[in-house]
Structures are given as structure tokens and as C-alpha cells.
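**Student:** I have a structure I would like to understand better, so I am pasting it below and will then ask my questions one at a time.
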Amino acid sequence: MKILICGKGGSGKSSITALLATELDRRGYRVIVVDNDESNFGLHIQLGMELPKDFAMHFGGKRMIFEKLAELKREREGKASVFGERIRTEEIPGDYLSKKGRISLLAIGKIRDFGEGCACPFNALSADFLRMLQPARDEFALVDTDAGIEHFGRGVELGCDLILMVIDPSQESIRLADKVNKITDKVGKPLYYILNRTDEETEGFILDSIARDKVVAAIPADERIARNGLLGKPLDFELEGINKLAEFLTKMKEQRMG
């Protein structure tokens with residue numbers, strides 16, 4: 001099952017990705033975490049892992065990605081992929097993966113230099129990779145995205161099975177949830193919401209403003225997340241809301257597998 005995690009900047013996407021990956025690992029699943037946020041250098045720290053080399057460099061960097069995809073489109077009438085017919089986690093060159101337990105971390109690419117240009121090639125590679133990725137029966141793929149909805153415009157979601165949107169207590173998150181709901185309806189992808197850093201009052205207000213039936217977990221503010229983030233320590237503890245989310249996803253996976 002390939003799961004994309006989105007939301008506005010600062011909503012807690014990376015924290016939830018790290019906590020969820022760790023919880024699925026505890027339950028005996030393999031997890032490949034795809035870091036698709038070109039400007040955030042914190043996810044690997046939250047996982048307690050090293051940041052791997054940019055996967056984009058395996059294809060010659062940003063410019064070469066576009067050139068290779070364009071060439072394949074011309075040769076194969078639009079059915080282009082730099083991965084052939086499919087790719088599995090174990091087929092990814094080891095130089096581009098960090099590993100911890102059953103968790104593997106892949107970083108698509110990071111903006112590192114002044115004036116190097118936009119992140120469009122990274123999104124193109126990510127969309128291609130997710131479309132061709134074939135997780136094992138005991139494996140989840142979790143995709144941590146950049147802020148907002150640009151990745152929707154690049155088609156990154158097309159290769160995923162479902163989308164989780166993180167909503168924090170802000171009017172910006174509530175308005176973005178409505179926009180994401182409309183977009184996912186058009187592309188035919190199931191969307192579910194995770195309420196993050198809420199208390200009883202803010203949770204009630206958010207539930208009055210969004211589609212309640214899409215909410216699968218609520219995660220109260222937890223000082224350990226902020227503290228570990230400040231100290232650069234991994235988020236390796238359990239949270240009730242994350243447990244509930246993991247339970248929901250594992251049941252969905254079992255249903256899909258029959």
C-alpha cells in the first residue's frame with residue numbers, strides 16, 4: 001500500500017510520517033519512507049537515520065531527469081518510466097537508502113544551492129517512482145510531501161493508493177482540506193484526514209468545518225514531539241492517535257489483499 005501524506009507547511013506531516021513508520025515497524029511491517037520534500041531536512045532526524053544521497057543523482061541530476069523522461073516519452077508514445085515496468089525496494093541501489101530496523105528511507109532530492117532552479121524534476125522523478133513502485137505484501141510506502149498542493153499539479157499522487165491529509169488548528173488548514181478534497185475526487189483517490197495538535201475545543205471546531213467521515217485519527221499536542229524536535233532526537237515513542245491510524249491502515253491493507 002502506497003500512502004501519500006500532505007498538508008500545509010508546519011502542520012506536522014513529517015512528524016506523523018516518522019511516528020507512523022516507527023509504529024508500523026513495531027507491528028512487523030516493512031516500511032519505505034519516501035522523502036519528497038525538497039526543502040525540509042528534518043525527516044531523517046525524526047526517524048533517527050542518516051539522510052541518504054539524493055535519488056535524483058542516480059539519474060544524473062535534475063536536468064538529466066527531464067531529458068531522460070522526454071526521450072522515453074518520444075520512444076514509447078507517452079508511456080515513459082526510467083524504472084522499466086516496475087521497481088521494488090530491494091532493487092533500489094543501496095547508496096540511496098538509509099536503513100533502520102525494517103524502515104528504509106529514500107530522499108528524492110533536496111534544494112542545496114542558490115539559484116539551482118525549481119524542484120519540478122524532483123516531482124517528475126517522484127511521480128514516476130511511485131507509479132512504478134511495487135511494495136511487498138508486508139510493506140507500506142509512506143510519502144512525505146512538500147507543503148501545500150504543488151505535488152498535485154505534478155501528478156505525484158497518481159501512483160499512490162490513498163492520501164492522508166494532516167489538519168492542524170488553523171483556518172488555512174481547514175480551507176486547504178476543502179481544496180484537497182475536490183482535487184482527490186477528480187483523480188479518484190481516497191482521502192482521509194488526521195487532526196494534529198488538537199484539544200477538545202479545537203477538535204470540535206475543525207470537525208464542524210470539514211467532512212467528519214474522513215477523519216481517521218486525532219493526535220493531541222504532545223510535548224515530547226516538540227522537545228525531541230528541538231534536541232534533534234528521533235520520534236521513537238508511541239502515541240494513541242498514531243496507534244489508531246496504524247490500525248486503520250493495516251485493516252485497509254488486509255482488505256485490499258483479500
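Ordered as shown in the C-alpha cells, chains take letters A, B, and onward, while each chain numbers its residues from 1 and ligands are numbered from 1 in the order shown.
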Would you kindly return, as a VMD selection string, each protein, DNA or RNA residue with an atom no farther than 9 Å from any atom of stretch 32-47 of chain A, considering only C-alpha atoms and excluding same-chain residues fewer than 2 positions away?
**Tutor:** chain A and resid 14 to 15 17 to 19 21 to 22 30 49 to 52 89 98 100 102 to 112 119 122 to 123 126 135 139 to 147 228 to 229 232 to 236
**Student:** With only C-alpha atoms as the counted atoms, please give the residues lying no more than 12 Å from A:Ile183, apart from itself and same-chain residues fewer than 3 positions off, as a ChimeraX atom specification.
**Tutor:** /A:149-153,155,157-158,163,176-180,186-191
**Student:** Write out the residues from the selection above, keeping C-alpha atoms, as a PDB file, in the first residue's frame.
**Tutor:**
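Okay, this is what ended up in out35.pdb:
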```pdb
ATOM      1  CA  ILE A 149      -0.656  21.279  -3.149  1.00  0.00           C
ATOM      2  CA  GLU A 150       2.045  21.759  -5.789  1.00  0.00           C
ATOM      3  CA  HIS A 151       2.666  17.999  -5.827  1.00  0.00           C
ATOM      4  CA  PHE A 152      -0.927  17.511  -7.004  1.00  0.00           C
ATOM      5  CA  GLY A 153      -0.154  19.680 -10.014  1.00  0.00           C
ATOM      6  CA  GLY A 155       0.804  14.211 -10.595  1.00  0.00           C
ATOM      7  CA  GLU A 157      -0.483  11.315  -6.187  1.00  0.00           C
ATOM      8  CA  LEU A 158      -1.361   9.199  -9.223  1.00  0.00           C
ATOM      9  CA  ILE A 163      -3.977  10.153   0.632  1.00  0.00           C
ATOM     10  CA  LEU A 176      -6.847  23.621   2.207  1.00  0.00           C
ATOM     11  CA  ALA A 177      -8.761  20.488   3.244  1.00  0.00           C
ATOM     12  CA  ASP A 178     -11.697  21.579   1.092  1.00  0.00           C
ATOM     13  CA  LYS A 179      -9.419  22.178  -1.896  1.00  0.00           C
ATOM     14  CA  VAL A 180      -7.636  18.829  -1.478  1.00  0.00           C
ATOM     15  CA  LYS A 186     -11.259  14.405  -9.592  1.00  0.00           C
ATOM     16  CA  VAL A 187      -8.330  11.961  -9.612  1.00  0.00           C
ATOM     17  CA  GLY A 188     -10.311   9.204  -7.912  1.00  0.00           C
ATOM     18  CA  LYS A 189      -8.058   8.770  -4.880  1.00  0.00           C
ATOM     19  CA  PRO A 190      -9.483   8.122  -1.385  1.00  0.00           C
ATOM     20  CA  LEU A 191      -8.737  10.916   1.072  1.00  0.00           C
TER      21      LEU A 191
END
```
**Student:** Quick one: residues within 8 Å of stretch 165-172 of chain A, only C-alpha atoms counted, chain neighbours fewer than 3 positions away excluded, as a ChimeraX atom specification?
**Tutor:** /A:5-8,11-13,175-177,191-198,202-203,206
**Student:** Using N, CA and C atoms, can you export the residues from the last selection as a PDB file, in the first residue's frame?
**Tutor:**
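Final file, part-v2.pdb:
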```pdb
ATOM      1  N   ILE A   5       1.213  11.540   2.302  1.00  0.00           N
ATOM      2  CA  ILE A   5       0.854  12.363   3.453  1.00  0.00           C
ATOM      3  C   ILE A   5       1.084  13.826   3.084  1.00  0.00           C
ATOM      4  N   CYS A   6       0.010  14.626   3.128  1.00  0.00           N
ATOM      5  CA  CYS A   6       0.101  16.017   2.680  1.00  0.00           C
ATOM      6  C   CYS A   6      -0.487  16.947   3.734  1.00  0.00           C
ATOM      7  N   GLY A   7      -0.378  18.254   3.483  1.00  0.00           N
ATOM      8  CA  GLY A   7      -0.912  19.261   4.394  1.00  0.00           C
ATOM      9  C   GLY A   7      -0.165  20.569   4.214  1.00  0.00           C
ATOM     10  N   LYS A   8      -0.610  21.585   4.907  1.00  0.00           N
ATOM     11  CA  LYS A   8       0.049  22.883   4.805  1.00  0.00           C
ATOM     12  C   LYS A   8       1.389  22.838   5.528  1.00  0.00           C
ATOM     13  N   SER A  11       2.145  21.790   9.501  1.00  0.00           N
ATOM     14  CA  SER A  11       1.004  21.058  10.074  1.00  0.00           C
ATOM     15  C   SER A  11       1.433  19.800  10.817  1.00  0.00           C
ATOM     16  N   GLY A  12       2.644  19.311  10.547  1.00  0.00           N
ATOM     17  CA  GLY A  12       3.127  18.110  11.237  1.00  0.00           C
ATOM     18  C   GLY A  12       3.233  16.888  10.347  1.00  0.00           C
ATOM     19  N   LYS A  13       3.334  17.075   9.040  1.00  0.00           N
ATOM     20  CA  LYS A  13       3.410  15.946   8.104  1.00  0.00           C
ATOM     21  C   LYS A  13       4.606  15.026   8.404  1.00  0.00           C
ATOM     22  N   ARG A 175      -9.323  25.409   5.076  1.00  0.00           N
ATOM     23  CA  ARG A 175      -9.580  25.802   3.690  1.00  0.00           C
ATOM     24  C   ARG A 175      -8.833  24.892   2.715  1.00  0.00           C
ATOM     25  N   LEU A 176      -7.623  24.511   3.072  1.00  0.00           N
ATOM     26  CA  LEU A 176      -6.847  23.621   2.207  1.00  0.00           C
ATOM     27  C   LEU A 176      -7.489  22.240   2.134  1.00  0.00           C
ATOM     28  N   ALA A 177      -8.093  21.793   3.238  1.00  0.00           N
ATOM     29  CA  ALA A 177      -8.761  20.488   3.244  1.00  0.00           C
ATOM     30  C   ALA A 177      -9.880  20.442   2.214  1.00  0.00           C
ATOM     31  N   LEU A 191      -9.365   9.926   0.206  1.00  0.00           N
ATOM     32  CA  LEU A 191      -8.737  10.916   1.072  1.00  0.00           C
ATOM     33  C   LEU A 191      -9.249  10.753   2.493  1.00  0.00           C
ATOM     34  N   TYR A 192      -8.310  10.800   3.446  1.00  0.00           N
ATOM     35  CA  TYR A 192      -8.658  10.752   4.861  1.00  0.00           C
ATOM     36  C   TYR A 192      -7.887  11.841   5.602  1.00  0.00           C
ATOM     37  N   TYR A 193      -8.475  12.278   6.728  1.00  0.00           N
ATOM     38  CA  TYR A 193      -7.893  13.378   7.489  1.00  0.00           C
ATOM     39  C   TYR A 193      -7.313  12.881   8.804  1.00  0.00           C
ATOM     40  N   ILE A 194      -6.195  13.524   9.194  1.00  0.00           N
ATOM     41  CA  ILE A 194      -5.613  13.335  10.520  1.00  0.00           C
ATOM     42  C   ILE A 194      -5.620  14.694  11.205  1.00  0.00           C
ATOM     43  N   LEU A 195      -6.284  14.809  12.338  1.00  0.00           N
ATOM     44  CA  LEU A 195      -6.271  16.060  13.100  1.00  0.00           C
ATOM     45  C   LEU A 195      -5.033  16.054  13.995  1.00  0.00           C
ATOM     46  N   ASN A 196      -4.262  17.120  13.932  1.00  0.00           N
ATOM     47  CA  ASN A 196      -3.000  17.146  14.661  1.00  0.00           C
ATOM     48  C   ASN A 196      -2.925  18.350  15.598  1.00  0.00           C
ATOM     49  N   ARG A 197      -2.332  18.106  16.769  1.00  0.00           N
ATOM     50  CA  ARG A 197      -2.131  19.139  17.800  1.00  0.00           C
ATOM     51  C   ARG A 197      -3.461  19.773  18.211  1.00  0.00           C
ATOM     52  N   THR A 198      -4.466  18.954  18.403  1.00  0.00           N
ATOM     53  CA  THR A 198      -5.780  19.471  18.777  1.00  0.00           C
ATOM     54  C   THR A 198      -6.084  19.186  20.240  1.00  0.00           C
ATOM     55  N   THR A 202     -10.582  22.766  19.975  1.00  0.00           N
ATOM     56  CA  THR A 202     -10.180  22.938  18.576  1.00  0.00           C
ATOM     57  C   THR A 202     -10.613  21.764  17.712  1.00  0.00           C
ATOM     58  N   GLU A 203     -10.615  20.576  18.290  1.00  0.00           N
ATOM     59  CA  GLU A 203     -11.078  19.410  17.529  1.00  0.00           C
ATOM     60  C   GLU A 203     -12.548  19.570  17.155  1.00  0.00           C
ATOM     61  N   ILE A 206     -12.889  22.100  14.276  1.00  0.00           N
ATOM     62  CA  ILE A 206     -12.453  21.547  12.989  1.00  0.00           C
ATOM     63  C   ILE A 206     -13.481  20.551  12.456  1.00  0.00           C
TER      64      ILE A 206
END
```
**Student:** Pick from A:Gly159, A:Ile65, A:Cys120, A:Asp25: nearest to A:Gly101, with only C-alpha atoms counted?
**Tutor:**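 Of A:Gly159, A:Ile65, A:Cys120, A:Asp25, the one nearest A:Gly101 is A:Asp25, counting only C-alpha atoms.
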